[in-house]
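> Just one file: protein_4.pdb, with PDB, C-alpha atoms.
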ATOM      1  CA  MET A  21     199.335  67.293-135.986  1.00  0.00           C
ATOM      2  CA  ARG A  22     195.835  68.515-135.164  1.00  0.00           C
ATOM      3  CA  VAL A  23     192.769  67.812-133.059  1.00  0.00           C
ATOM      4  CA  ILE A  24     190.632  65.392-135.079  1.00  0.00           C
ATOM      5  CA  ALA A  25     187.140  65.926-133.619  1.00  0.00           C
ATOM      6  CA  GLY A  26     185.076  67.528-130.887  1.00  0.00           C
ATOM      7  CA  LYS A  27     185.143  71.026-129.392  1.00  0.00           C
ATOM      8  CA  ALA A  28     188.641  71.820-130.689  1.00  0.00           C
ATOM      9  CA  LYS A  29     188.211  70.072-134.060  1.00  0.00           C
ATOM     10  CA  SER A  30     190.815  70.920-136.714  1.00  0.00           C
ATOM     11  CA  LEU A  31     192.936  73.125-134.440  1.00  0.00           C
ATOM     12  CA  PRO A  32     196.649  72.554-135.063  1.00  0.00           C
ATOM     13  CA  LEU A  33     198.833  71.368-132.173  1.00  0.00           C
ATOM     14  CA  LYS A  34     202.443  72.289-131.550  1.00  0.00           C
ATOM     15  CA  THR A  35     205.086  69.606-131.122  1.00  0.00           C
ATOM     16  CA  ILE A  36     208.613  69.952-129.865  1.00  0.00           C
ATOM     17  CA  GLU A  37     211.439  69.744-132.354  1.00  0.00           C
ATOM     18  CA  GLY A  38     213.684  66.714-132.504  1.00  0.00           C
ATOM     19  CA  THR A  39     213.107  63.061-131.809  1.00  0.00           C
ATOM     20  CA  SER A  40     212.630  63.136-128.034  1.00  0.00           C
ATOM     21  CA  THR A  41     208.878  62.709-128.556  1.00  0.00           C
ATOM     22  CA  ARG A  42     207.064  60.624-131.147  1.00  0.00           C
ATOM     23  CA  PRO A  43     203.590  62.104-131.754  1.00  0.00           C
ATOM     24  CA  THR A  44     200.858  59.635-132.684  1.00  0.00           C
ATOM     25  CA  THR A  45     199.905  60.340-136.292  1.00  0.00           C
ATOM     26  CA  ASP A  46     196.503  61.874-137.031  1.00  0.00           C
ATOM     27  CA  ARG A  47     195.424  58.740-138.866  1.00  0.00           C
ATOM     28  CA  ILE A  48     196.269  56.401-135.972  1.00  0.00           C
ATOM     29  CA  LYS A  49     194.809  58.872-133.452  1.00  0.00           C
ATOM     30  CA  GLU A  50     191.549  58.947-135.414  1.00  0.00           C
ATOM     31  CA  THR A  51     191.339  55.144-135.444  1.00  0.00           C
ATOM     32  CA  LEU A  52     192.146  54.982-131.732  1.00  0.00           C
ATOM     33  CA  PHE A  53     189.438  57.479-130.828  1.00  0.00           C
ATOM     34  CA  ASN A  54     186.882  55.761-133.046  1.00  0.00           C
ATOM     35  CA  LEU A  55     187.512  52.695-130.861  1.00  0.00           C
ATOM     36  CA  LEU A  56     187.328  54.786-127.661  1.00  0.00           C
ATOM     37  CA  ALA A  57     184.199  56.710-128.742  1.00  0.00           C
ATOM     38  CA  PRO A  58     181.665  54.768-126.619  1.00  0.00           C
ATOM     39  CA  ASP A  59     183.752  55.310-123.470  1.00  0.00           C
ATOM     40  CA  ILE A  60     185.215  58.817-123.819  1.00  0.00           C
ATOM     41  CA  THR A  61     182.304  61.109-122.852  1.00  0.00           C
ATOM     42  CA  GLY A  62     182.579  61.949-119.170  1.00  0.00           C
ATOM     43  CA  ALA A  63     185.708  59.820-118.732  1.00  0.00           C
ATOM     44  CA  VAL A  64     188.640  60.626-116.479  1.00  0.00           C
ATOM     45  CA  PHE A  65     191.677  60.191-118.750  1.00  0.00           C
ATOM     46  CA  LEU A  66     195.368  59.702-117.908  1.00  0.00           C
ATOM     47  CA  ASP A  67     197.955  60.416-120.637  1.00  0.00           C
ATOM     48  CA  LEU A  68     201.341  58.945-119.632  1.00  0.00           C
ATOM     49  CA  PHE A  69     204.513  59.943-121.504  1.00  0.00           C
ATOM     50  CA  ALA A  70     202.262  62.667-122.914  1.00  0.00           C
ATOM     51  CA  GLY A  71     204.741  64.318-125.289  1.00  0.00           C
ATOM     52  CA  SER A  72     202.946  67.298-126.825  1.00  0.00           C
ATOM     53  CA  GLY A  73     199.635  66.230-125.242  1.00  0.00           C
ATOM     54  CA  GLY A  74     197.844  65.302-128.461  1.00  0.00           C
ATOM     55  CA  ILE A  75     196.118  62.200-127.085  1.00  0.00           C
ATOM     56  CA  GLY A  76     194.842  63.770-123.861  1.00  0.00           C
ATOM     57  CA  ILE A  77     193.769  66.910-125.719  1.00  0.00           C
ATOM     58  CA  GLU A  78     191.840  64.775-128.201  1.00  0.00           C
ATOM     59  CA  ALA A  79     190.130  63.072-125.238  1.00  0.00           C
ATOM     60  CA  LEU A  80     189.133  66.439-123.733  1.00  0.00           C
ATOM     61  CA  SER A  81     187.958  67.733-127.104  1.00  0.00           C
ATOM     62  CA  ARG A  82     185.733  64.668-127.504  1.00  0.00           C
ATOM     63  CA  GLY A  83     184.097  65.042-124.092  1.00  0.00           C
ATOM     64  CA  ALA A  84     186.356  63.551-121.432  1.00  0.00           C
ATOM     65  CA  LYS A  85     185.540  65.182-118.102  1.00  0.00           C
ATOM     66  CA  GLU A  86     189.170  65.454-117.080  1.00  0.00           C
ATOM     67  CA  ALA A  87     192.636  64.618-118.403  1.00  0.00           C
ATOM     68  CA  VAL A  88     195.889  64.346-116.495  1.00  0.00           C
ATOM     69  CA  PHE A  89     199.060  64.681-118.572  1.00  0.00           C
ATOM     70  CA  VAL A  90     202.336  63.226-117.289  1.00  0.00           C
ATOM     71  CA  GLU A  91     205.546  64.317-118.986  1.00  0.00           C
ATOM     72  CA  LYS A  92     209.029  64.938-117.566  1.00  0.00           C
ATOM     73  CA  ASN A  93     210.589  66.740-120.558  1.00  0.00           C
ATOM     74  CA  ARG A  94     210.305  70.478-119.740  1.00  0.00           C
ATOM     75  CA  LYS A  95     210.035  71.549-123.393  1.00  0.00           C
ATOM     76  CA  ALA A  96     207.225  69.048-123.922  1.00  0.00           C
ATOM     77  CA  VAL A  97     205.456  70.270-120.764  1.00  0.00           C
ATOM     78  CA  ARG A  98     205.510  73.845-122.107  1.00  0.00           C
ATOM     79  CA  CYS A  99     204.185  72.506-125.412  1.00  0.00           C
ATOM     80  CA  ILE A 100     201.295  70.710-123.629  1.00  0.00           C
ATOM     81  CA  GLU A 101     200.441  73.872-121.692  1.00  0.00           C
ATOM     82  CA  ASP A 102     200.546  75.976-124.886  1.00  0.00           C
ATOM     83  CA  ASN A 103     198.345  73.451-126.715  1.00  0.00           C
ATOM     84  CA  LEU A 104     195.825  73.396-123.851  1.00  0.00           C
ATOM     85  CA  ARG A 105     195.591  77.203-123.846  1.00  0.00           C
ATOM     86  CA  PHE A 106     195.299  77.357-127.644  1.00  0.00           C
ATOM     87  CA  THR A 107     192.502  74.751-127.718  1.00  0.00           C
ATOM     88  CA  HIS A 108     190.723  76.316-124.697  1.00  0.00           C
ATOM     89  CA  LEU A 109     190.769  72.947-122.905  1.00  0.00           C
ATOM     90  CA  SER A 110     192.843  73.953-119.862  1.00  0.00           C
ATOM     91  CA  ASP A 111     189.886  73.809-117.457  1.00  0.00           C
ATOM     92  CA  GLY A 112     189.647  70.025-117.547  1.00  0.00           C
ATOM     93  CA  ALA A 113     193.399  69.467-117.592  1.00  0.00           C
ATOM     94  CA  ARG A 114     196.154  68.881-115.069  1.00  0.00           C
ATOM     95  CA  VAL A 115     199.793  68.657-116.133  1.00  0.00           C
ATOM     96  CA  LEU A 116     202.286  66.797-113.951  1.00  0.00           C
ATOM     97  CA  ALA A 117     205.834  67.715-114.937  1.00  0.00           C
ATOM     98  CA  MET A 118     207.571  64.685-113.485  1.00  0.00           C
ATOM     99  CA  ASP A 119     208.727  61.140-114.096  1.00  0.00           C
ATOM    100  CA  VAL A 120     205.894  58.671-114.733  1.00  0.00           C
ATOM    101  CA  SER A 121     206.702  56.471-111.711  1.00  0.00           C
ATOM    102  CA  GLU A 122     206.727  59.515-109.436  1.00  0.00           C
ATOM    103  CA  ALA A 123     203.434  60.735-110.924  1.00  0.00           C
ATOM    104  CA  LEU A 124     201.741  57.344-110.493  1.00  0.00           C
ATOM    105  CA  ALA A 125     202.757  57.243-106.825  1.00  0.00           C
ATOM    106  CA  LYS A 126     201.446  60.812-106.368  1.00  0.00           C
ATOM    107  CA  LEU A 127     198.126  60.000-108.050  1.00  0.00           C
ATOM    108  CA  GLY A 128     197.836  56.826-105.972  1.00  0.00           C
ATOM    109  CA  SER A 129     198.396  58.802-102.752  1.00  0.00           C
ATOM    110  CA  GLU A 130     195.525  61.067-103.869  1.00  0.00           C
ATOM    111  CA  ASN A 131     193.275  57.991-104.364  1.00  0.00           C
ATOM    112  CA  LYS A 132     192.770  59.049-107.975  1.00  0.00           C
ATOM    113  CA  THR A 133     191.210  56.585-110.429  1.00  0.00           C
ATOM    114  CA  PHE A 134     190.952  56.765-114.195  1.00  0.00           C
ATOM    115  CA  ASP A 135     188.517  55.344-116.713  1.00  0.00           C
ATOM    116  CA  ILE A 136     191.095  55.331-119.520  1.00  0.00           C
ATOM    117  CA  ILE A 137     194.855  55.265-119.100  1.00  0.00           C
ATOM    118  CA  PHE A 138     196.916  55.824-122.248  1.00  0.00           C
ATOM    119  CA  LEU A 139     200.511  54.646-122.067  1.00  0.00           C
ATOM    120  CA  ASP A 140     202.956  55.500-124.851  1.00  0.00           C
ATOM    121  CA  PRO A 141     206.502  54.994-123.529  1.00  0.00           C
ATOM    122  CA  PRO A 142     209.534  55.408-125.760  1.00  0.00           C
ATOM    123  CA  TYR A 143     209.786  52.306-127.938  1.00  0.00           C
ATOM    124  CA  ALA A 144     212.376  49.744-126.784  1.00  0.00           C
ATOM    125  CA  SER A 145     212.504  51.422-123.364  1.00  0.00           C
ATOM    126  CA  GLN A 146     210.859  48.458-121.628  1.00  0.00           C
ATOM    127  CA  PHE A 147     208.980  50.793-119.266  1.00  0.00           C
ATOM    128  CA  GLU A 148     205.704  48.938-119.836  1.00  0.00           C
ATOM    129  CA  GLU A 149     206.140  46.386-117.058  1.00  0.00           C
ATOM    130  CA  ALA A 150     207.093  48.897-114.360  1.00  0.00           C
ATOM    131  CA  VAL A 151     204.273  51.241-115.368  1.00  0.00           C
ATOM    132  CA  LEU A 152     201.604  48.523-115.558  1.00  0.00           C
ATOM    133  CA  MET A 153     202.735  47.162-112.172  1.00  0.00           C
ATOM    134  CA  ALA A 154     202.502  50.679-110.689  1.00  0.00           C
ATOM    135  CA  ILE A 155     199.019  51.220-112.160  1.00  0.00           C
ATOM    136  CA  ALA A 156     197.886  47.965-110.504  1.00  0.00           C
ATOM    137  CA  ARG A 157     199.720  48.616-107.213  1.00  0.00           C
ATOM    138  CA  GLU A 158     198.364  52.174-106.890  1.00  0.00           C
ATOM    139  CA  ASN A 159     194.856  51.010-107.881  1.00  0.00           C
ATOM    140  CA  LEU A 160     194.579  53.776-110.491  1.00  0.00           C
ATOM    141  CA  LEU A 161     192.151  52.028-112.829  1.00  0.00           C
ATOM    142  CA  SER A 162     188.427  52.434-112.193  1.00  0.00           C
ATOM    143  CA  GLU A 163     186.327  49.282-111.962  1.00  0.00           C
ATOM    144  CA  ALA A 164     185.252  49.350-115.617  1.00  0.00           C
ATOM    145  CA  GLY A 165     188.350  51.202-116.797  1.00  0.00           C
ATOM    146  CA  PHE A 166     191.005  50.056-119.236  1.00  0.00           C
ATOM    147  CA  VAL A 167     194.574  50.796-120.258  1.00  0.00           C
ATOM    148  CA  VAL A 168     195.675  51.430-123.836  1.00  0.00           C
ATOM    149  CA  VAL A 169     199.338  50.682-124.517  1.00  0.00           C
ATOM    150  CA  GLU A 170     200.925  51.989-127.705  1.00  0.00           C
ATOM    151  CA  ALA A 171     203.811  49.692-128.626  1.00  0.00           C
ATOM    152  CA  SER A 172     206.049  48.844-131.530  1.00  0.00           C
ATOM    153  CA  MET A 173     205.280  45.768-133.599  1.00  0.00           C
ATOM    154  CA  GLN A 174     208.458  44.128-132.286  1.00  0.00           C
ATOM    155  CA  ASN A 175     207.324  44.430-128.678  1.00  0.00           C
ATOM    156  CA  ASP A 176     205.548  41.233-127.568  1.00  0.00           C
ATOM    157  CA  LEU A 177     203.676  42.157-124.410  1.00  0.00           C
ATOM    158  CA  VAL A 178     201.425  39.112-123.961  1.00  0.00           C
ATOM    159  CA  GLU A 179     203.349  37.512-121.072  1.00  0.00           C
ATOM    160  CA  LEU A 180     204.147  40.856-119.476  1.00  0.00           C
ATOM    161  CA  VAL A 181     200.482  41.917-119.487  1.00  0.00           C
ATOM    162  CA  SER A 182     199.440  38.752-117.671  1.00  0.00           C
ATOM    163  CA  ARG A 183     202.312  39.041-115.183  1.00  0.00           C
ATOM    164  CA  CYS A 184     201.136  42.568-114.328  1.00  0.00           C
ATOM    165  CA  GLY A 185     197.563  41.436-113.605  1.00  0.00           C
ATOM    166  CA  PHE A 186     195.885  42.503-116.855  1.00  0.00           C
ATOM    167  CA  VAL A 187     194.172  40.785-119.757  1.00  0.00           C
ATOM    168  CA  ILE A 188     194.166  41.858-123.382  1.00  0.00           C
ATOM    169  CA  LEU A 189     190.732  42.978-124.546  1.00  0.00           C
ATOM    170  CA  ARG A 190     191.827  43.991-128.024  1.00  0.00           C
ATOM    171  CA  ASP A 191     195.008  44.193-130.082  1.00  0.00           C
ATOM    172  CA  LYS A 192     194.667  46.812-132.834  1.00  0.00           C
ATOM    173  CA  VAL A 193     197.553  46.419-135.270  1.00  0.00           C
ATOM    174  CA  TYR A 194     198.709  49.175-137.638  1.00  0.00           C
ATOM    175  CA  LYS A 195     201.587  49.111-140.148  1.00  0.00           C
ATOM    176  CA  THR A 196     204.303  50.139-137.706  1.00  0.00           C
ATOM    177  CA  ASN A 197     202.790  49.875-134.238  1.00  0.00           C
ATOM    178  CA  ARG A 198     199.829  48.595-132.237  1.00  0.00           C
ATOM    179  CA  HIS A 199     197.386  49.550-129.496  1.00  0.00           C
ATOM    180  CA  LEU A 200     196.743  46.958-126.812  1.00  0.00           C
ATOM    181  CA  PHE A 201     193.556  47.472-124.819  1.00  0.00           C
ATOM    182  CA  LEU A 202     193.918  45.995-121.328  1.00  0.00           C
ATOM    183  CA  ALA A 203     191.595  45.396-118.397  1.00  0.00           C
ATOM    184  CA  ARG A 204     192.240  44.077-114.920  1.00  0.00           C
ATOM    185  CA  GLN A 205     192.211  40.295-114.594  1.00  0.00           C
TER     186      GLN A 205
END
Represent the supplied structure as structure tokens.

Amino acid sequence: MRVIAGKAKSLPLKTIEGTSTRPTTDRIKETLFNLLAPDITGAVFLDLFAGSGGIGIEALSRGAKEAVFVEKNRKAVRCIEDNLRFTHLSDGARVLAMDVSEALAKLGSENKTFDIIFLDPPYASQFEEAVLMAIARENLLSEAGFVVVEASMQNDLVELVSRCGFVILRDKVYKTNRHLFLARQ
């Protein structure tokens, strides 16, 4: 895994061993950021279930003003911090070592808003509804902002998205997973 483009282009990123995280492949990450390109410069980015931090680090490398990483696994948090130091992107980063629901409540209490929220929960965990509801309840999405949900192909989120107060802007399908781009209704 590496940084695809921007200030930290081609730098390798560490990941934690085992299957507790599922890093987005370089190929899918490149496609995702090609889609995000018009919106990434100057954006405030939220990386939920951040794993090794590859998505948020890519956002910072490509010009996001700020990225907040949320991850509760302590080994993964150390990995994110190491990757941020190695890529020299720590200045624009904040790492919250806590459960996603706790972090969303904290960010809401700080009146924080984000232009892009990336959500990549463990597949088959069914965290999407609770997290999308919390994003809406805490008013974390900026007026023109959007949420990107990485989901397995088996996960049909159409009804859930509507129930949570979002609409699907785009559904980018890959071989094994998809990215749903959501905006507020």
> Once the PyMOL selection byres ((chain A and resi 133) around 6) is applied to the coordinates I shared, what remains selected? I want it as a PyMOL selection string.
chain A and resi 132+134+160-162
> Specify as a list in words each residue included when the PyMOL selection byres ((chain A and resi 115) around 8) is applied to this file.
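Selection result, ordered by chain and number: Val88, Phe89, Val90, Glu91, Val97, Ile100, Glu101, Ala113, Arg114, Leu116 and Ala117 of chain A.
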> Measuring between only C-alpha atoms, which one of A:Ala96, A:Leu104, A:Ile137, A:Ala154 shows the shortest distance to Ser121 of chain A?
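That would be A:Ala154, the residue with the smallest distance to Ser121 of chain A.
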> May I ask which of the residues A:Ala123, A:Asp102, A:Ile48, A:Gly165 is the closest one to Ile60 of chain A, counting all atoms listed in the file?
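Using all atoms listed in the file, the shortest distance to Ile60 of chain A belongs to A:Gly165.
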> Which residues, written as a PyMOL selection string, have at least one atom at most 10 Å from Lys85 of chain A, with all atoms listed in the file counted and residues fewer than 5 positions away on the same chain left out?
chain A and resi 60-65+79-80+111-113
> Enter the distance from atom CA of Arg204 of chain A to atom CA of Lys92 of chain A, in Å, rounded to one decimal.
26.9 Å
> Out of A:Ala150, A:Phe106, A:Gly73, A:Cys99, which residue has the shortest atom-to-atom distance to Leu180 of chain A when counting only C-alpha atoms?
A:Ala150
